[in-house]
Protein chains: 2
Amino acid sequence: MRPQTQKAVQLWRDRCAAEIAATVLAGAWKPFIMHELRRESVLRFGELARRTPGLTDRGLTRQLRELEADGLVSRTVYPEVPPKVEYRLTDLGVEAQGVLDAMARWGLAYAQRSEAETAPN
Amino acid sequence: MRPQTQKAVQLWRDRCAAEIAATVLAGAWKPFIMHELRRESVLRFGELARRTPGLTDRGLTRQLRELEADGLVSRTVYPEVPPKVEYRLTDLGVEAQGVLDAMARWGLAYAQRSEAETAPN
DNA sequence: GCAAGTACTGTCATTTTTGACAGTGTCAGC
DNA sequence: GCTGACACTGTCAAAAATGACAGTACTTGC
């Protein structure tokens, strides 16, 4: 189980710890999903899907499964019909928010610099 | 030019700024290369290659080209024979170190947690 | 009895990333 | 004249990530 985890830990032994975070957090829409879960604290699958236009259901499922396998997100299934599944951040997921904040701050500065260069007129 | 840059800025418009950092910093060995450049401040291609066993010359070149295109690393060519090329961090690259530090701290905690789960005996 | 909502899974195709390996030009030293 | 150091590039192949699309089970409402 937990393919990502073992891959990431292997990276740490071989290279450096920052690559673990890169491996775990860098997936299509993963930072955004984490961001939404921080704001709302609990979201159902459909709610997440509505907040991620451009990402297919299949893609969302994959990202959530990986986040779950890596222990950042918990998944709670209610045995009802129609089905109800809730996603929320785990403690580890909450701790990762500091990293995402640092990434967002730097990313913004990077983007502004790029825009200034691309369109200096 | 600067394919990564445009891709990353696009991500920012569509999703969130943290994905920019993820896109720019998450490449094979990129955090490690940045780490070495921080420690040594200047490194030649061969010196970097020796510090990255397991990464081929081709791979190192690719990562360095991307880091250069994204403005994190500068490349200085001395017109000598045999050729001499120096790599160092740009201001933007130095600023990214804070992000990499945050990633490393969280990555370490993540790895330790994973190890404790994997081998609890 | 038919459609809609819910949360998915399976599978194939495409794109992106990485690995492997051969080749390049110049010069110093043997 | 041959080898090695240096810093690469070109190209193909394999692997990984993502997109597209169809299908599933069950129930409520019309």
# chains A, B, ... in the order shown; residues from 1 in each chain; ligands from 1

$ closest_atom_pairs --of "range 7-111 of chain B" --to "range 20-42 of chain A" --cutoff "7 Å" --atoms "only C-alpha atoms" --output "CSV"
residue,atom,partner,partner_atom,distance
B:Arg15,CA,A:Phe32,CA,6.3
B:Cys16,CA,A:Phe32,CA,6.1
B:Ala18,CA,A:Pro31,CA,6.3
B:Glu19,CA,A:Pro31,CA,6.2
B:Ala22,CA,A:Ala26,CA,5.3
B:Ala26,CA,A:Ala22,CA,5.3
B:Met103,CA,A:Ala21,CA,5.3
B:Ala104,CA,A:Ala21,CA,6.9
B:Trp106,CA,A:Ala21,CA,6.9
B:Gly107,CA,A:Ala21,CA,5.0

$ residues_around --residues "range 44-47 of chain A" --least-positions-apart "2" --cutoff "9 Å" --atoms "only C-alpha atoms (C1' of nucleotides)" --output "list in words"
Val42, Ala49, Arg50, Arg51, Thr52, Asp57, Leu60, Thr61, Lys84, Val85, Glu86, Tyr87 and Arg88 of chain A; DT6 and DA7 of chain C

$ closest_residue --among "A:Val77, A:Leu48, A:Ala96, A:Leu67" --to "chain B" --atoms "only C-alpha atoms"
A:Ala96

$ residues_around --residues "Arg58 in chain A" --least-positions-apart "4" --cutoff "9 Å" --atoms "only C-alpha atoms (C1' of nucleotides)" --output "MDAnalysis selection string"
(chainID A and resid 62:63) or (chainID C and resid 8:9) or (chainID D and resid 19)

$ interface_residues --of "chain D" --to "chain A" --cutoff "10 Å" --atoms "only C-alpha atoms (C1' of nucleotides)" --output "number ranges by chain"
D: 17-20, 25-28

$ interface_residues --of "chain C" --to "chain B" --cutoff "10 Å" --atoms "only C-alpha atoms (C1' of nucleotides)" --output "list in words"
DT17, DT18, DG19, DA20, DG25, DT26, DC27 and DA28 of chain C

$ atom_distance --atom1 "CA of Glu68 in chain B" --atom2 "CA of Gly93 in chain B"
9.7 Å

$ closest_residue --among "A:Glu115, A:Val73, A:Gly54, A:Ala8" --to "Val94 in chain A" --atoms "only C-alpha atoms"
A:Val73

$ select_by_dssp --residues "chain A" --states "alpha helix (DSSP H)" --output "NGL selection string"
:A and (3-14 or 18-25 or 30-40 or 45-51 or 57-69 or 91-118)

$ select_by_dssp --residues "chain A" --states "strand (DSSP E or B)" --output "list in words"
Leu43, Arg44, Val73, Ser74, Arg75, Thr76, Val77, Tyr78, Lys84, Val85, Glu86, Tyr87, Arg88 and Leu89 of chain A

$ write_last_selection --atoms "C-alpha atoms" --output "short mmCIF file (atom, residue, chain, number, x, y, z; two decimals), in the first residue's frame"
data_model
loop_
_atom_site.label_atom_id
_atom_site.label_comp_id
_atom_site.auth_asym_id
_atom_site.auth_seq_id
_atom_site.Cartn_x
_atom_site.Cartn_y
_atom_site.Cartn_z
CA LEU A 43 -16.36 18.88 1.51
CA ARG A 44 -18.20 16.16 -0.31
CA VAL A 73 -6.79 13.85 3.52
CA SER A 74 -9.27 11.59 5.25
CA ARG A 75 -12.24 10.02 3.55
CA THR A 76 -15.43 9.23 5.43
CA VAL A 77 -18.08 7.14 3.75
CA TYR A 78 -21.65 7.21 5.03
CA LYS A 84 -22.29 10.45 0.79
CA VAL A 85 -18.55 10.80 1.18
CA GLU A 86 -16.82 13.53 3.13
CA TYR A 87 -13.27 14.71 2.69
CA ARG A 88 -11.29 16.68 5.22
CA LEU A 89 -7.68 17.43 6.06
#

$ residues_around --residues "DA22 in chain C" --least-positions-apart "2" --cutoff "12 Å" --atoms "only C-alpha atoms (C1' of nucleotides)" --output "list in words"
Arg58 of chain B; DA20 and DT24 of chain C; DT9, DG10, DT11 and DC12 of chain D

$ closest_residue --among "B:Ala102, B:Ala116, B:Leu72, B:Ala109" --to "chain A" --atoms "only C-alpha atoms"
B:Ala102

$ closest_residue --among "A:Pro79, A:Tyr110, A:Ala17, A:Arg65" --to "chain B" --atoms "only C-alpha atoms"
A:Ala17
